[in-house]
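Have a look at the structure below before the remarks.
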Amino acid sequence: MSIPETTARALAEAHAVVLLDAYGVLVTGHGVIPGAPEFIRDLDAAGRAYLVLTNDASKHPTTAVKRYAAWGLMLDASRIITSGSLLAPYFAQEGLQGARTMVMGPPDAEAYAREAGAEVVPLTSVDADVLVVADEAGYPFLETLDHVLSVVLYRAERGEPMRLVLPNPDLIYPKRKGAGPGPDAASGARSGPTARGDGWDGSAGPGPDAASGARSGPTARGDGWDGSAGPGPERMEFGIAAGSIARVLEDALQLRHPGQEGLRFARLGKPYRAIYEAALTRTGTMDMVMIGDTLATDIRGARGFGLAAGLATWGLTGPLPADLPESERPTHLVRSF
Ligand SMILES: [Mg+2]
């Protein structure tokens with residue numbers, strides 16, 4: 001398997017539209033990825049068409065751009081398509097407007113559901129008809145999950161299963177680089193939430209690329225950003241995402257109701273088609289290239305939709321499996337912006 005290597009700028013020049021993943025490509029949970037602000041500035045200066053396609057359903061685009069701007073990444077909210085915004089077409093298509101809906105997520109996630117026509121009820125309710133698992137944050141995690149689990153199981157037992165909707169199918173996300181849960185974490189060497197940025201100093205660690213002098217910064221593989229570095233402050237820190245919560249609920253439903261149909265989440269974000277359909281509606285062209293850091297979502301989704309897909313090698317995905325089918329392979333490896 002030989003996949004051509006390139007840069008994000010070269011891919012942008014080769015296609016009418018660039019679709020950019022956010023987490024792991026432009027930002028982490030705690031800061032901007034070095035080089036991303038300059039890349040966006042260059043796209044703007046060259047008048048290139050681009051959209052950010054993100055599975056994040058916890059923030060409105062207007063909220064996200066303020067957060068990004070504070071980190072020096074200047075994006076217009078109109079360029080962002082979130083998985084949360086897919087709730088509106090989904091609720092319309094499924095006739096769910098007016099349905100009593102529990103939303104696991106922060107206030108912006110509830111706002112997405114309201115915009116879709118949902119009647120949002122508290123997470124302590126016992127009789128909602130729809131459950132939207134939008135995000136892992138924004139509520140007391142364990143007690144809410146236990147309650148929701150109980151309600152979902154009870155409704156399935158009564159033969160009135162809830163409609164389960166998952167805007168963000170991601171299982172994990174890159175929380176920050178550096179000061180991860182290595183052996184030093186317990187000793188207090190780990191940086192807390194008040195630490196500068198995302199703990200990424202932008203310099204390549206003692207990985208194989210750095211040693212050879214080939215590359216630096218996020219272009220270097222094996223610098224710990226991909227989680228492959230040894231223990232210590234270079235390790236990457238991960239967080240669980242909404243898709244993991246959905247899996248727990250689905251497994252519990254299967255445990256109690258083995259083989260019963262209809263006890264699964266409807267999944268809306270990458271790699272599913274809806275988000276790429278939304279991009280196509282906006283741009284009107286299939287000459288789009290997706291640049292993302294996750295094989296299972298960004299790359300598989302784009303390839304399945306018939307688009308070119310560059311894997312950003314500074315994000316979540318580790319070494320590619322040798323037996324990866326051609327249809328799920330990135331068309332390019334993106335080594336740097
Ligand atoms: Mg990503």
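Residues are named by chain letter and number: chains run A, B, ... in the order of the structure tokens, numbers start at 1 in each chain, and ligands are numbered from 1 in the order shown.
Around Phe238 of chain A, within 6 Å and counting only C-alpha atoms, the residues found are Tyr173, Pro174 and Lys175 of chain A, once anything fewer than 6 positions away on its own chain is removed.
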Go ahead and save the picked residues with C-alpha atoms, as a PDB file, in the first residue's frame.
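Output file selection_31.pdb is given in full below:
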ATOM      1  CA  TYR A 173     -11.486  12.700  20.950  1.00  0.00           C
ATOM      2  CA  PRO A 174      -8.017  14.176  21.357  1.00  0.00           C
ATOM      3  CA  LYS A 175      -8.217  16.147  24.565  1.00  0.00           C
TER       4      LYS A 175
END
What's the 12 Å shell around Asp44 of chain A, counting only C-alpha atoms, without same-chain residues fewer than 6 positions away, as a list in words?
Arg9, Ala12, Val18, Pro37, Glu38, Tyr50, Leu51, Met74, Leu75, Asp76 and Arg79 of chain A
Write the selection just made, keeping C-alpha atoms, as a PDB file, in the first residue's frame?
ATOM      1  CA  ARG A   9      -2.322  23.578   0.931  1.00  0.00           C
ATOM      2  CA  ALA A  12      -6.729  22.766  -1.359  1.00  0.00           C
ATOM      3  CA  VAL A  18     -11.800  21.706   1.084  1.00  0.00           C
ATOM      4  CA  PRO A  37      -4.492  29.784  11.944  1.00  0.00           C
ATOM      5  CA  GLU A  38      -2.001  30.525   9.149  1.00  0.00           C
ATOM      6  CA  TYR A  50     -13.789  25.596   2.432  1.00  0.00           C
ATOM      7  CA  LEU A  51     -16.093  24.288   5.129  1.00  0.00           C
ATOM      8  CA  MET A  74     -10.297  33.082  12.853  1.00  0.00           C
ATOM      9  CA  LEU A  75     -13.246  31.270  11.260  1.00  0.00           C
ATOM     10  CA  ASP A  76     -16.637  32.484  10.132  1.00  0.00           C
ATOM     11  CA  ARG A  79     -18.315  27.935   7.314  1.00  0.00           C
TER      12      ARG A  79
END
For a quick check of understanding, using only C-alpha atoms and all ligand atoms, which of A:Leu171, A:Leu249, A:Ala10, A:Val103 has the smallest distance to ligand 1?
A:Leu171
If we count only C-alpha atoms and set the cut-off at 7 Å, which residues sit around segment 121-131 of chain A, ignoring sequence neighbours fewer than 4 positions away in its own chain? Please answer as a ChimeraX atom specification.
/A:99-103,144,151,162-165
Compute the set of protein, DNA and RNA residues whose minimum atom distance to ligand 1 is at most 8 Å, using only C-alpha atoms and all ligand atoms, and state it as a ChimeraX atom specification.
/A:21-25,54,173-174,292-294,298,315-316
Keeping only C-alpha atoms, write those residues as a PDB file, in the first residue's frame.
ATOM      1  CA  ASP A  21     -12.305  18.335  10.302  1.00  0.00           C
ATOM      2  CA  ALA A  22     -11.994  20.462  13.461  1.00  0.00           C
ATOM      3  CA  TYR A  23     -10.814  18.314  16.379  1.00  0.00           C
ATOM      4  CA  GLY A  24      -7.420  16.779  15.724  1.00  0.00           C
ATOM      5  CA  VAL A  25      -6.841  18.827  12.560  1.00  0.00           C
ATOM      6  CA  THR A  54     -17.343  18.603  12.662  1.00  0.00           C
ATOM      7  CA  TYR A 173     -11.486  12.700  20.950  1.00  0.00           C
ATOM      8  CA  PRO A 174      -8.017  14.176  21.357  1.00  0.00           C
ATOM      9  CA  GLY A 292      -9.461  14.671   8.696  1.00  0.00           C
ATOM     10  CA  ASP A 293      -7.462  12.860  11.338  1.00  0.00           C
ATOM     11  CA  THR A 294      -9.744   9.874  11.918  1.00  0.00           C
ATOM     12  CA  ASP A 298     -13.520  11.445   8.249  1.00  0.00           C
ATOM     13  CA  GLY A 315      -4.222  13.472  14.876  1.00  0.00           C
ATOM     14  CA  LEU A 316      -5.964  10.445  16.292  1.00  0.00           C
TER      15      LEU A 316
END
Show me, as a ChimeraX atom specification, the residues that have an atom within 10 Å of Glu277 of chain A when counting only C-alpha atoms, minus same-chain residues fewer than 6 positions from it.
/A:283-284,305
Output file for the residues above (N, CA and C atoms, as a compact mmCIF listing (two decimals), in the first residue's frame):
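Generated output (selection-v2.txt):
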# COMPACT_ATOMS: atom_id res chain seq x y z
N THR A 283 -22.28 23.49 -1.33
CA THR A 283 -21.25 23.84 -2.30
C THR A 283 -21.66 23.54 -3.74
N GLY A 284 -22.55 22.56 -3.92
CA GLY A 284 -23.00 22.22 -5.26
C GLY A 284 -21.97 21.51 -6.12
N PHE A 305 -18.78 8.50 0.36
CA PHE A 305 -19.60 9.49 -0.32
C PHE A 305 -19.06 9.79 -1.72
Filtered DSSP result for segment 245-318 of chain A, state strand (DSSP E or B), as a ChimeraX atom specification
/A:266-267,288-292,308-312
